[in-house]
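See below for my_file_23.txt, which holds compact mmCIF, C-alpha atoms and all ligand atoms.
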# COMPACT_ATOMS: atom_id res chain seq x y z
CA MET A 20 28.77 -27.09 -51.31
CA ILE A 21 30.17 -23.75 -50.15
CA ILE A 22 33.57 -23.42 -48.52
CA SER A 23 34.31 -20.38 -46.43
CA MET A 24 38.05 -19.74 -46.01
CA LYS A 25 39.54 -18.32 -42.81
CA LEU A 26 40.05 -14.54 -42.70
CA HIS A 27 43.07 -13.36 -44.74
CA ALA A 28 43.86 -16.82 -46.15
CA SER A 29 46.78 -16.59 -48.56
CA ARG A 30 46.63 -17.19 -52.31
CA GLU A 31 48.54 -20.49 -51.89
CA GLU A 32 46.09 -21.66 -49.22
CA ILE A 33 43.10 -20.85 -51.42
CA ASP A 34 44.67 -22.62 -54.40
CA ALA A 35 45.42 -25.68 -52.28
CA VAL A 36 41.73 -25.94 -51.30
CA CYS A 37 40.64 -25.54 -54.94
CA ARG A 38 43.06 -28.30 -56.02
CA GLN A 39 41.75 -30.59 -53.30
CA VAL A 40 38.15 -30.05 -54.41
CA GLN A 41 39.05 -30.51 -58.10
CA SER A 42 40.75 -33.81 -57.29
CA PHE A 43 37.24 -35.11 -56.38
CA GLY A 44 35.99 -34.16 -59.86
CA TYR A 45 34.23 -30.93 -58.88
CA LYS A 46 34.39 -27.47 -60.45
CA VAL A 47 35.11 -24.42 -58.29
CA HIS A 48 33.89 -20.83 -58.47
CA SER A 49 35.49 -18.56 -55.95
CA ILE A 50 34.07 -15.28 -54.70
CA GLU A 51 36.85 -13.06 -53.42
CA GLY A 52 35.89 -10.47 -50.80
CA GLU A 53 38.16 -7.89 -49.14
CA GLU A 54 38.95 -10.10 -46.18
CA ARG A 55 37.48 -13.48 -46.92
CA VAL A 56 37.22 -15.86 -49.87
CA VAL A 57 34.22 -18.10 -50.38
CA ILE A 58 34.51 -21.04 -52.77
CA GLY A 59 31.42 -22.45 -54.46
CA VAL A 60 31.68 -26.12 -55.46
CA VAL A 61 29.50 -27.67 -58.18
CA GLY A 62 29.31 -30.97 -60.01
CA LEU A 63 28.84 -34.62 -59.19
CA GLY A 64 31.05 -36.67 -56.91
CA ASP A 65 31.44 -38.19 -53.48
CA VAL A 66 30.21 -35.18 -51.50
CA THR A 67 30.80 -36.66 -48.06
CA ALA A 68 34.41 -37.64 -48.75
CA CYS A 69 35.14 -34.28 -50.37
CA MET A 70 33.55 -32.33 -47.50
CA GLU A 71 35.44 -34.31 -44.89
CA SER A 72 38.78 -33.85 -46.61
CA VAL A 73 38.24 -30.10 -47.09
CA GLU A 74 37.06 -29.66 -43.49
CA ALA A 75 40.38 -31.17 -42.40
CA LEU A 76 42.39 -28.40 -44.11
CA PRO A 77 43.60 -25.82 -41.54
CA GLN A 78 42.88 -22.77 -43.69
CA VAL A 79 39.19 -23.68 -44.06
CA GLU A 80 36.70 -22.01 -41.68
CA LYS A 81 33.46 -23.81 -42.60
CA VAL A 82 31.99 -26.13 -45.22
CA VAL A 83 28.24 -26.03 -45.87
CA ARG A 84 26.32 -28.49 -47.96
CA ILE A 85 23.68 -26.84 -50.13
CA SER A 86 21.84 -29.56 -52.05
CA ALA A 87 19.97 -32.32 -50.22
CA PRO A 88 22.13 -35.42 -49.68
CA TYR A 89 19.30 -37.53 -51.09
CA LYS A 90 18.78 -37.06 -54.79
CA PHE A 91 16.31 -39.53 -56.28
CA VAL A 92 13.76 -39.17 -53.50
CA SER A 93 13.85 -35.38 -53.29
CA ARG A 94 11.01 -33.31 -54.64
CA GLU A 95 13.34 -31.47 -57.02
CA PHE A 96 14.12 -34.77 -58.75
CA ARG A 97 10.51 -35.40 -59.77
CA ALA A 98 7.85 -32.87 -60.66
CA GLY A 99 4.93 -35.22 -59.91
CA ARG A 100 4.31 -37.51 -56.97
CA THR A 101 5.26 -41.17 -57.00
CA ARG A 102 2.27 -43.49 -57.19
CA VAL A 103 2.98 -47.01 -56.05
CA ARG A 104 0.76 -49.64 -57.68
CA VAL A 105 -0.09 -52.70 -55.65
CA ASN A 106 -2.57 -55.17 -57.12
CA GLY A 107 -4.73 -52.50 -58.76
CA THR A 108 -4.52 -50.14 -55.78
CA GLU A 109 -2.49 -46.98 -56.06
CA ILE A 110 -0.74 -45.54 -53.02
CA GLY A 111 0.15 -41.87 -53.42
CA GLY A 112 -2.62 -41.20 -55.92
CA GLU A 113 -6.26 -40.27 -55.60
CA GLN A 114 -7.24 -43.08 -53.30
CA PHE A 115 -6.78 -43.07 -49.51
CA VAL A 116 -5.41 -46.56 -48.86
CA VAL A 117 -5.92 -48.44 -45.60
CA ILE A 118 -3.68 -51.36 -44.69
CA ALA A 119 -4.94 -53.46 -41.77
CA GLY A 120 -4.37 -56.73 -40.02
CA PRO A 121 -2.73 -58.24 -36.98
CA CYS A 122 0.73 -57.48 -35.70
CA SER A 123 1.73 -61.13 -36.22
CA VAL A 124 0.29 -64.05 -38.13
CA GLU A 125 -0.63 -66.48 -35.33
CA SER A 126 -2.90 -69.16 -36.79
CA GLU A 127 -5.01 -69.91 -39.83
CA LYS A 128 -8.22 -69.03 -38.03
CA GLN A 129 -6.82 -65.73 -36.76
CA ILE A 130 -5.47 -64.49 -40.11
CA MET A 131 -8.50 -65.62 -42.10
CA GLN A 132 -10.91 -63.90 -39.71
CA ALA A 133 -8.77 -60.78 -39.71
CA ALA A 134 -8.50 -60.75 -43.51
CA GLU A 135 -12.22 -61.21 -44.08
CA GLY A 136 -13.12 -58.58 -41.49
CA VAL A 137 -10.73 -55.89 -42.70
CA ALA A 138 -11.62 -56.51 -46.36
CA LYS A 139 -15.31 -56.10 -45.55
CA ALA A 140 -14.60 -52.82 -43.78
CA GLY A 141 -12.68 -51.40 -46.76
CA ALA A 142 -8.98 -52.19 -46.25
CA LYS A 143 -7.07 -52.82 -49.47
CA LEU A 144 -3.99 -54.53 -48.06
CA LEU A 145 -3.61 -57.14 -45.35
CA ARG A 146 -0.72 -56.77 -42.93
CA GLY A 147 0.71 -59.51 -40.72
CA GLY A 148 4.23 -60.27 -39.59
CA ALA A 149 5.61 -63.75 -40.23
CA PHE A 150 9.14 -62.71 -39.19
CA LYS A 151 8.88 -60.56 -36.08
CA PRO A 152 11.51 -58.19 -34.69
CA ARG A 153 10.99 -58.63 -30.94
CA THR A 154 12.88 -56.79 -28.21
CA SER A 155 13.19 -59.97 -26.18
CA PRO A 156 14.69 -63.14 -27.69
CA TYR A 157 12.23 -65.10 -25.54
CA ASP A 158 9.15 -63.54 -27.16
CA PHE A 159 7.28 -65.06 -30.12
CA GLN A 160 9.50 -64.62 -33.19
CA GLY A 161 6.81 -65.27 -35.80
CA MET A 162 5.56 -68.29 -37.73
CA GLU A 163 8.07 -67.66 -40.53
CA VAL A 164 7.41 -69.70 -43.72
CA GLU A 165 4.24 -71.20 -42.29
CA GLY A 166 3.00 -67.66 -41.60
CA LEU A 167 3.78 -66.63 -45.19
CA LYS A 168 1.73 -69.56 -46.46
CA LEU A 169 -1.20 -68.49 -44.30
CA LEU A 170 -0.96 -64.98 -45.73
CA GLU A 171 -1.09 -66.47 -49.21
CA LYS A 172 -4.24 -68.34 -48.25
CA ALA A 173 -5.82 -65.16 -46.88
CA LYS A 174 -4.95 -63.35 -50.11
CA LYS A 175 -6.60 -66.07 -52.18
CA ALA A 176 -9.74 -65.93 -50.03
CA THR A 177 -10.15 -62.15 -49.95
CA GLY A 178 -8.20 -60.65 -52.86
CA LEU A 179 -6.31 -58.42 -50.42
CA ALA A 180 -2.70 -57.63 -51.28
CA ILE A 181 -0.16 -58.74 -48.68
CA ILE A 182 2.35 -56.65 -46.78
CA THR A 183 4.73 -58.40 -44.45
CA GLU A 184 8.02 -57.59 -42.77
CA VAL A 185 11.43 -58.66 -44.02
CA MET A 186 14.17 -58.47 -41.40
CA SER A 187 17.21 -59.72 -43.24
CA ASP A 188 18.66 -59.53 -46.75
CA ARG A 189 18.87 -63.34 -46.60
CA ASP A 190 15.06 -63.60 -46.41
CA VAL A 191 14.29 -61.31 -49.37
CA ASP A 192 14.14 -64.10 -52.00
CA LEU A 193 11.77 -66.11 -49.84
CA ILE A 194 9.46 -63.25 -48.86
CA VAL A 195 9.06 -61.82 -52.41
CA GLU A 196 7.33 -65.10 -53.28
CA TYR A 197 4.48 -64.17 -50.91
CA ALA A 198 4.49 -60.40 -50.35
CA ASP A 199 3.06 -57.69 -52.58
CA VAL A 200 4.80 -55.08 -50.42
CA MET A 201 7.98 -55.66 -48.43
CA GLN A 202 7.85 -53.99 -45.01
CA VAL A 203 11.03 -52.70 -43.40
CA GLY A 204 10.45 -52.23 -39.68
CA ALA A 205 11.58 -49.32 -37.55
CA ARG A 206 14.42 -51.38 -36.09
CA ASN A 207 15.76 -52.12 -39.54
CA MET A 208 15.45 -48.70 -41.15
CA GLN A 209 19.22 -48.45 -41.33
CA ASN A 210 19.96 -52.08 -42.19
CA PHE A 211 21.83 -51.04 -45.31
CA MET A 212 22.44 -54.57 -46.60
CA LEU A 213 18.69 -55.14 -46.45
CA LEU A 214 17.92 -51.82 -48.14
CA LYS A 215 20.33 -52.61 -50.98
CA ALA A 216 18.81 -56.07 -51.46
CA LEU A 217 15.33 -54.51 -51.58
CA GLY A 218 16.54 -52.22 -54.34
CA ARG A 219 16.75 -55.31 -56.50
CA CYS A 220 13.69 -57.22 -55.24
CA GLY A 221 11.07 -56.11 -57.77
CA ARG A 222 8.38 -55.35 -55.15
CA PRO A 223 7.32 -52.07 -53.54
CA VAL A 224 8.88 -51.36 -50.16
CA LEU A 225 7.19 -49.82 -47.11
CA LEU A 226 9.89 -48.16 -45.07
CA LYS A 227 9.03 -47.40 -41.44
CA ARG A 228 10.76 -44.54 -39.67
CA GLY A 229 13.29 -45.69 -37.10
CA MET A 230 12.29 -44.85 -33.55
CA SER A 231 15.22 -42.46 -33.12
CA SER A 232 15.66 -41.44 -36.73
CA THR A 233 15.34 -38.00 -38.24
CA MET A 234 13.30 -37.41 -41.36
CA LYS A 235 16.55 -36.85 -43.22
CA GLU A 236 17.80 -40.28 -42.14
CA LEU A 237 14.51 -41.81 -43.25
CA LEU A 238 14.93 -40.18 -46.65
CA MET A 239 18.54 -41.37 -46.89
CA SER A 240 17.34 -44.93 -46.25
CA ALA A 241 14.69 -44.55 -48.96
CA GLU A 242 17.47 -43.25 -51.21
CA TYR A 243 19.35 -46.53 -50.69
CA VAL A 244 16.41 -48.53 -52.05
CA VAL A 245 15.80 -46.19 -54.98
CA ALA A 246 19.49 -45.81 -55.85
CA HIS A 247 19.74 -49.61 -55.98
CA GLY A 248 17.02 -49.82 -58.60
CA ASN A 249 13.62 -49.74 -56.89
CA PRO A 250 11.59 -46.52 -57.26
CA ASP A 251 8.53 -47.87 -55.41
CA VAL A 252 9.07 -46.81 -51.83
CA ILE A 253 6.33 -45.81 -49.37
CA LEU A 254 7.34 -44.02 -46.17
CA CYS A 255 5.61 -44.66 -42.86
CA GLU A 256 5.52 -42.45 -39.77
CA ARG A 257 5.03 -44.72 -36.73
CA GLY A 258 6.03 -42.48 -33.86
CA ILE A 259 9.43 -41.73 -32.43
CA ARG A 260 10.97 -42.17 -28.99
CA THR A 261 10.80 -39.14 -26.71
CA PHE A 262 10.67 -38.49 -22.95
CA GLU A 263 6.88 -39.02 -23.01
CA THR A 264 5.71 -42.32 -21.57
CA GLN A 265 1.92 -41.95 -21.74
CA THR A 266 1.97 -43.24 -25.31
CA ARG A 267 4.21 -46.04 -26.59
CA ASN A 268 5.85 -43.61 -29.02
CA THR A 269 5.33 -39.94 -29.78
CA CYS A 270 3.53 -39.49 -33.07
CA ASP A 271 5.38 -36.92 -35.13
CA ILE A 272 2.28 -35.86 -37.06
CA ALA A 273 4.11 -32.90 -38.61
CA ALA A 274 6.44 -35.38 -40.30
CA ILE A 275 3.71 -36.04 -42.85
CA PRO A 276 3.49 -32.54 -44.36
CA ALA A 277 7.21 -32.03 -43.75
CA LEU A 278 8.06 -35.16 -45.73
CA ASN A 279 5.60 -34.08 -48.42
CA GLU A 280 7.65 -30.92 -48.83
CA LEU A 281 10.89 -32.86 -49.12
CA THR A 282 9.97 -35.92 -51.17
CA HIS A 283 7.66 -37.11 -53.95
CA LEU A 284 7.26 -40.52 -52.25
CA PRO A 285 3.94 -41.47 -50.63
CA VAL A 286 3.76 -41.13 -46.84
CA ILE A 287 1.40 -43.13 -44.64
CA LEU A 288 0.69 -43.12 -40.89
CA ASP A 289 0.69 -46.06 -38.49
CA PRO A 290 -1.49 -44.86 -35.58
CA SER A 291 -1.14 -48.21 -33.76
CA HIS A 292 2.59 -48.21 -33.07
CA ALA A 293 2.49 -44.42 -32.74
CA THR A 294 0.27 -44.67 -29.66
CA GLY A 295 0.38 -48.23 -28.34
CA LYS A 296 -3.22 -47.79 -27.14
CA ARG A 297 -6.30 -48.90 -29.03
CA SER A 298 -8.41 -46.07 -27.55
CA LEU A 299 -6.19 -43.48 -29.24
CA VAL A 300 -6.00 -45.10 -32.66
CA PRO A 301 -9.23 -43.70 -34.26
CA ALA A 302 -8.43 -40.09 -33.31
CA LEU A 303 -4.93 -40.33 -34.67
CA ALA A 304 -6.21 -42.03 -37.82
CA ARG A 305 -8.51 -39.02 -38.39
CA ALA A 306 -5.56 -36.70 -37.93
CA GLY A 307 -3.65 -38.71 -40.52
CA VAL A 308 -6.40 -38.24 -43.10
CA ALA A 309 -6.76 -34.55 -42.31
CA ILE A 310 -3.06 -33.80 -42.51
CA GLY A 311 -2.74 -35.39 -45.93
CA ALA A 312 -1.22 -38.82 -45.40
CA ASP A 313 -1.63 -41.15 -48.37
CA GLY A 314 -3.01 -43.91 -46.18
CA LEU A 315 -2.93 -45.70 -42.85
CA MET A 316 -1.54 -48.94 -41.51
CA VAL A 317 -3.63 -50.15 -38.57
CA GLU A 318 -3.29 -53.22 -36.34
CA VAL A 319 -6.50 -55.21 -36.18
CA HIS A 320 -7.02 -58.57 -34.47
CA PRO A 321 -10.19 -60.69 -34.25
CA ALA A 322 -9.54 -61.16 -30.51
CA PRO A 323 -7.00 -58.56 -29.32
CA GLU A 324 -7.07 -59.93 -25.76
CA LYS A 325 -5.60 -63.16 -27.13
CA ALA A 326 -3.03 -61.56 -29.43
CA ILE A 327 0.53 -62.82 -29.04
CA SER A 328 1.95 -59.40 -29.92
CA ASP A 329 0.61 -55.83 -29.71
CA GLY A 330 -2.87 -56.74 -28.46
CA ALA A 331 -3.21 -53.51 -26.44
CA GLN A 332 -2.94 -51.36 -29.55
CA SER A 333 -4.99 -53.62 -31.84
CA LEU A 334 -8.60 -52.82 -32.71
CA ASP A 335 -11.08 -55.67 -32.89
CA LEU A 336 -13.02 -56.12 -36.11
CA ALA A 337 -16.07 -54.18 -34.94
CA GLN A 338 -13.92 -51.29 -33.74
CA PHE A 339 -12.08 -51.25 -37.05
CA GLU A 340 -15.32 -51.22 -39.00
CA ARG A 341 -16.62 -48.33 -36.88
CA MET A 342 -13.39 -46.43 -37.35
CA MET A 343 -13.60 -46.87 -41.13
CA GLN A 344 -17.19 -45.57 -41.11
CA GLU A 345 -16.21 -42.59 -38.98
CA LEU A 346 -13.31 -41.83 -41.32
CA GLU A 347 -15.54 -41.79 -44.38
CA PRO A 348 -16.49 -38.06 -44.38
CA TYR A 349 -12.85 -37.14 -43.74
CA ILE A 350 -11.76 -39.34 -46.63
CA GLN A 351 -14.30 -37.68 -48.91
CA LEU A 352 -12.81 -34.29 -48.09
CA TRP A 353 -9.37 -35.76 -48.65
CA GLN A 354 -10.40 -37.03 -52.08
CA HIS A 355 -11.91 -33.69 -52.97
CA SER A 356 -8.68 -31.87 -52.20
CA ARG A 357 -6.55 -34.48 -53.96
CA LYS A 358 -8.60 -34.06 -57.13
CA GLN A 359 -7.86 -30.36 -56.99
CA GLY A 360 -4.18 -31.14 -56.63
CA VAL A 361 -3.99 -29.85 -53.07
CA LEU A 362 -1.24 -31.46 -51.07
CA ALA A 363 -0.86 -31.43 -47.35
CA THR A 364 1.59 -28.56 -47.63
CA ALA A 365 1.22 -24.99 -48.74
CA GLY A 366 4.32 -25.21 -50.97
C1 LIG B 401 4.94 -53.82 -36.91
O1 LIG B 401 4.50 -53.18 -37.87
O2 LIG B 401 4.36 -54.76 -36.33
C2 LIG B 401 6.21 -53.36 -36.30
C3 LIG B 401 7.04 -54.22 -35.71
O3 LIG B 401 6.34 -52.05 -36.40
P1 LIG B 401 7.62 -51.10 -36.13
O4 LIG B 401 8.70 -51.64 -37.00
O5 LIG B 401 7.12 -49.74 -36.56
O6 LIG B 401 7.92 -51.17 -34.66
MN MN B 402 3.12 -54.59 -34.13
Could you rewrite the structure in this file as structure tokens?
Ligand code: PEP
Ligand code: MN
Amino acid sequence: MIISMKLHASREEIDAVCRQVQSFGYKVHSIEGEERVVIGVVGLGDVTACMESVEALPQVEKVVRISAPYKFVSREFRAGRTRVRVNGTEIGGEQFVVIAGPCSVESEKQIMQAAEGVAKAGAKLLRGGAFKPRTSPYDFQGMEVEGLKLLEKAKKATGLAIITEVMSDRDVDLIVEYADVMQVGARNMQNFMLLKALGRCGRPVLLKRGMSSTMKELLMSAEYVVAHGNPDVILCERGIRTFETQTRNTCDIAAIPALNELTHLPVILDPSHATGKRSLVPALARAGVAIGADGLMVEVHPAPEKAISDGAQSLDLAQFERMMQELEPYIQLWQHSRKQGVLATAG
């Protein structure tokens, strides 16, 4: 943190600021110019509280934070990239991982058909919400425990790992019994009680970007999970809310290389929620591979026209299989560059 004093601040005023900073456990190094004094602050402590208290002092002109507010998830913290292991699959490593399945678990027939179809086409994880965050309280809220049991059945039949959404810290103990990856939805990205509970859950977490959240806020939420004991966090770009209405959300494709510059955590793309339209999903999926995402999460339904949620953005099984085939040459290029250690970013 750097504190710039007001012009011609007196010795007493400068000393008062230094004492304030030291009371938070920090060390100070001041640089004294002809007219202005700048105080450098180093050490470990409650940065936010210290900054706020110093900003409140009348003799202080400006306080600037230098280091990233997230520590464990920042690239400086780890030289290599985090690889998250899920049932023999590694996300963030040398494999491009596709997660696929319906928005919601709706019936045994639906989830079994979806699981078999996506496994055949090359997906490694099966998605499906059993607890659904719906905008309207009158919409389908998910099959809950029954849905989790159906996911377990689909896992047994296909060998696919399971990813499913957890909406509340109270459901964590139940959902860890069924899920290989705990999904935090966009609407819950800043549910801090949930994030803390997931820090202790012993399963990898897929953290979706909130629809009005900055990348920094996404990283701060990931920091919650890691700081509470769980290093296995996967980030997911799923589009953000803008003035554009042609697509359901606006896909912030640049977030993928930008996050790769800031964090060692894997970053995947959800082209389904990012567009809301099945016709746009394959093109965006290609862009995700090309830009260096670690994988994709795609909504796939055996009969999208009958889906209870998100049918318009869901591919049917044949469309998913075609998309996977069309992605193949792009994935080969992706693998080639990964082997050479090339990341999405120049840095
Ligand atoms: C979902 O994955 O079905 C979902 C609800 O996504 P999001 O949280 O990104 O809206
Ligand atoms: Mn959905």
With the cut-off set at 9 Å and counting only C-alpha atoms and all ligand atoms, tabulate each residue of chain A with an atom at most that distance from an atom of ligand MN 402 (chain B), showing the nearest atom pair and its distance in Å to one decimal, ordered by chain and increasing number, as JSON lines.
{"residue": "A:Pro121", "atom": "CA", "partner": "B:MN402", "partner_atom": "MN", "distance": 7.5}
{"residue": "A:Cys122", "atom": "CA", "partner": "B:MN402", "partner_atom": "MN", "distance": 4.1}
{"residue": "A:Ser123", "atom": "CA", "partner": "B:MN402", "partner_atom": "MN", "distance": 7.0}
{"residue": "A:Gly147", "atom": "CA", "partner": "B:MN402", "partner_atom": "MN", "distance": 8.6}
{"residue": "A:Gly148", "atom": "CA", "partner": "B:MN402", "partner_atom": "MN", "distance": 8.0}
{"residue": "A:Lys151", "atom": "CA", "partner": "B:MN402", "partner_atom": "MN", "distance": 8.5}
{"residue": "A:Ser291", "atom": "CA", "partner": "B:MN402", "partner_atom": "MN", "distance": 7.7}
{"residue": "A:His292", "atom": "CA", "partner": "B:MN402", "partner_atom": "MN", "distance": 6.5}
{"residue": "A:Glu318", "atom": "CA", "partner": "B:MN402", "partner_atom": "MN", "distance": 6.9}
{"residue": "A:Ser328", "atom": "CA", "partner": "B:MN402", "partner_atom": "MN", "distance": 6.5}
{"residue": "A:Asp329", "atom": "CA", "partner": "B:MN402", "partner_atom": "MN", "distance": 5.2}
{"residue": "A:Gly330", "atom": "CA", "partner": "B:MN402", "partner_atom": "MN", "distance": 8.5}
{"residue": "A:Gln332", "atom": "CA", "partner": "B:MN402", "partner_atom": "MN", "distance": 8.3}
{"residue": "A:Ser333", "atom": "CA", "partner": "B:MN402", "partner_atom": "MN", "distance": 8.5}
In Å, with one decimal, what is the gap from atom CA of Val105 of chain A to atom CA of Glu345 of chain A? 25.3 Å
Neighbourhood of ligand LIG 401 (chain B) at 10 Å, counting only C-alpha atoms and all ligand atoms, reported as an mmCIF file with C-alpha atoms, keeping the file's coordinate frame:
data_model
loop_
_atom_site.group_PDB
_atom_site.id
_atom_site.type_symbol
_atom_site.label_atom_id
_atom_site.label_comp_id
_atom_site.auth_asym_id
_atom_site.auth_seq_id
_atom_site.Cartn_x
_atom_site.Cartn_y
_atom_site.Cartn_z
ATOM 1 C CA GLY A 120 -4.370 -56.730 -40.020
ATOM 2 C CA PRO A 121 -2.730 -58.240 -36.980
ATOM 3 C CA CYS A 122 0.730 -57.480 -35.700
ATOM 4 C CA SER A 123 1.730 -61.130 -36.220
ATOM 5 C CA ARG A 146 -0.720 -56.770 -42.930
ATOM 6 C CA GLY A 147 0.710 -59.510 -40.720
ATOM 7 C CA GLY A 148 4.230 -60.270 -39.590
ATOM 8 C CA ALA A 149 5.610 -63.750 -40.230
ATOM 9 C CA PHE A 150 9.140 -62.710 -39.190
ATOM 10 C CA LYS A 151 8.880 -60.560 -36.080
ATOM 11 C CA PRO A 152 11.510 -58.190 -34.690
ATOM 12 C CA ARG A 153 10.990 -58.630 -30.940
ATOM 13 C CA THR A 154 12.880 -56.790 -28.210
ATOM 14 C CA ILE A 182 2.350 -56.650 -46.780
ATOM 15 C CA THR A 183 4.730 -58.400 -44.450
ATOM 16 C CA GLU A 184 8.020 -57.590 -42.770
ATOM 17 C CA MET A 186 14.170 -58.470 -41.400
ATOM 18 C CA GLN A 202 7.850 -53.990 -45.010
ATOM 19 C CA VAL A 203 11.030 -52.700 -43.400
ATOM 20 C CA GLY A 204 10.450 -52.230 -39.680
ATOM 21 C CA ALA A 205 11.580 -49.320 -37.550
ATOM 22 C CA ARG A 206 14.420 -51.380 -36.090
ATOM 23 C CA ASN A 207 15.760 -52.120 -39.540
ATOM 24 C CA MET A 208 15.450 -48.700 -41.150
ATOM 25 C CA LEU A 226 9.890 -48.160 -45.070
ATOM 26 C CA LYS A 227 9.030 -47.400 -41.440
ATOM 27 C CA ARG A 228 10.760 -44.540 -39.670
ATOM 28 C CA GLY A 229 13.290 -45.690 -37.100
ATOM 29 C CA MET A 230 12.290 -44.850 -33.550
ATOM 30 C CA CYS A 255 5.610 -44.660 -42.860
ATOM 31 C CA GLU A 256 5.520 -42.450 -39.770
ATOM 32 C CA ARG A 257 5.030 -44.720 -36.730
ATOM 33 C CA GLY A 258 6.030 -42.480 -33.860
ATOM 34 C CA ILE A 259 9.430 -41.730 -32.430
ATOM 35 C CA ASN A 268 5.850 -43.610 -29.020
ATOM 36 C CA ASP A 289 0.690 -46.060 -38.490
ATOM 37 C CA PRO A 290 -1.490 -44.860 -35.580
ATOM 38 C CA SER A 291 -1.140 -48.210 -33.760
ATOM 39 C CA HIS A 292 2.590 -48.210 -33.070
ATOM 40 C CA ALA A 293 2.490 -44.420 -32.740
ATOM 41 C CA MET A 316 -1.540 -48.940 -41.510
ATOM 42 C CA VAL A 317 -3.630 -50.150 -38.570
ATOM 43 C CA GLU A 318 -3.290 -53.220 -36.340
ATOM 44 C CA SER A 328 1.950 -59.400 -29.920
ATOM 45 C CA ASP A 329 0.610 -55.830 -29.710
#
With 10 Å as the threshold, what does the neighbourhood of (-8.1, -64.1, -48.9) contain in terms of residues, counting all atoms listed in the file? Coordinates are those of the file; answer as a compact mmCIF listing (two decimals) with C-alpha atoms, keeping the file's coordinate frame.
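Writing the result to result04.txt gives the following:
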# COMPACT_ATOMS: atom_id res chain seq x y z
CA ILE A 130 -5.47 -64.49 -40.11
CA MET A 131 -8.50 -65.62 -42.10
CA GLN A 132 -10.91 -63.90 -39.71
CA ALA A 133 -8.77 -60.78 -39.71
CA ALA A 134 -8.50 -60.75 -43.51
CA GLU A 135 -12.22 -61.21 -44.08
CA ALA A 138 -11.62 -56.51 -46.36
CA LEU A 145 -3.61 -57.14 -45.35
CA LEU A 169 -1.20 -68.49 -44.30
CA LEU A 170 -0.96 -64.98 -45.73
CA GLU A 171 -1.09 -66.47 -49.21
CA LYS A 172 -4.24 -68.34 -48.25
CA ALA A 173 -5.82 -65.16 -46.88
CA LYS A 174 -4.95 -63.35 -50.11
CA LYS A 175 -6.60 -66.07 -52.18
CA ALA A 176 -9.74 -65.93 -50.03
CA THR A 177 -10.15 -62.15 -49.95
CA GLY A 178 -8.20 -60.65 -52.86
CA LEU A 179 -6.31 -58.42 -50.42
CA ALA A 180 -2.70 -57.63 -51.28
CA ILE A 181 -0.16 -58.74 -48.68
Exercise: Val308 of chain A partners within 10 Å, all atoms listed in the file, chain neighbours under 6 positions left out, as a list of chain:residue names: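 After dropping sequence-adjacent residues, the list is A:Phe115, A:Ile287, A:Leu288, A:Gly314, A:Leu315, A:Leu346, A:Glu347, A:Tyr349, A:Ile350, A:Gln351, A:Leu352, A:Trp353, A:Gln354, A:Ala363.
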Can those selected residues be exported to a file as a CSV table (one decimal), in the frame of the given file so that it contains C-alpha atoms?
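The resulting file, out.csv, is shown below:
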chain,number,residue,atom,x,y,z
A,115,PHE,CA,-6.8,-43.1,-49.5
A,287,ILE,CA,1.4,-43.1,-44.6
A,288,LEU,CA,0.7,-43.1,-40.9
A,314,GLY,CA,-3.0,-43.9,-46.2
A,315,LEU,CA,-2.9,-45.7,-42.8
A,346,LEU,CA,-13.3,-41.8,-41.3
A,347,GLU,CA,-15.5,-41.8,-44.4
A,349,TYR,CA,-12.8,-37.1,-43.7
A,350,ILE,CA,-11.8,-39.3,-46.6
A,351,GLN,CA,-14.3,-37.7,-48.9
A,352,LEU,CA,-12.8,-34.3,-48.1
A,353,TRP,CA,-9.4,-35.8,-48.6
A,354,GLN,CA,-10.4,-37.0,-52.1
A,363,ALA,CA,-0.9,-31.4,-47.4
Need the shell around Arg100 of chain A: protein/DNA/RNA residues with any atom at most 9 Å away, counting only C-alpha atoms. Skip same-chain ones fewer than 2 positions apart. Format as a compact mmCIF listing (two decimals) with C-alpha atoms, keeping the file's coordinate frame?
# COMPACT_ATOMS: atom_id res chain seq x y z
CA ARG A 94 11.01 -33.31 -54.64
CA ARG A 97 10.51 -35.40 -59.77
CA ALA A 98 7.85 -32.87 -60.66
CA ARG A 102 2.27 -43.49 -57.19
CA GLY A 111 0.15 -41.87 -53.42
CA GLY A 112 -2.62 -41.20 -55.92
CA THR A 282 9.97 -35.92 -51.17
CA HIS A 283 7.66 -37.11 -53.95
CA LEU A 284 7.26 -40.52 -52.25
CA PRO A 285 3.94 -41.47 -50.63
Between A:Ser93, A:Ser42, A:Ile33, A:Glu163, which is the closest to Pro77 of chain A once you count all atoms listed in the file?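 Closest to Pro77 of chain A, using all atoms listed in the file: A:Ile33.
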Considering all atoms listed in the file, state which residue in the set A:Ser126, A:Gly311, A:Glu31, A:Leu336 is at the smallest distance from Glu113 of chain A. A:Gly311
For segment 264-266 of chain A, list every protein, DNA or RNA residue within 9 Å, evaluated using all atoms listed in the file, and leave out those in the same chain fewer than 3 positions away; present the list as a list in words.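 Once the nearby chain positions are removed, what remains is Thr261, Thr269, Cys270, Ala293, Thr294, Gly295 and Lys296 of chain A.
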Output C-alpha atoms of each residue in that selection to a file, as a compact mmCIF listing (two decimals), keeping the file's coordinate frame.
# COMPACT_ATOMS: atom_id res chain seq x y z
CA THR A 261 10.80 -39.14 -26.71
CA THR A 269 5.33 -39.94 -29.78
CA CYS A 270 3.53 -39.49 -33.07
CA ALA A 293 2.49 -44.42 -32.74
CA THR A 294 0.27 -44.67 -29.66
CA GLY A 295 0.38 -48.23 -28.34
CA LYS A 296 -3.22 -47.79 -27.14
Could you list, as a PyMOL selection string, every residue within 7 Å of segment 66-75 of chain A, counting all atoms listed in the file and ignoring same-chain residues fewer than 3 positions away? chain A and resi 36+40+43+79+81-82
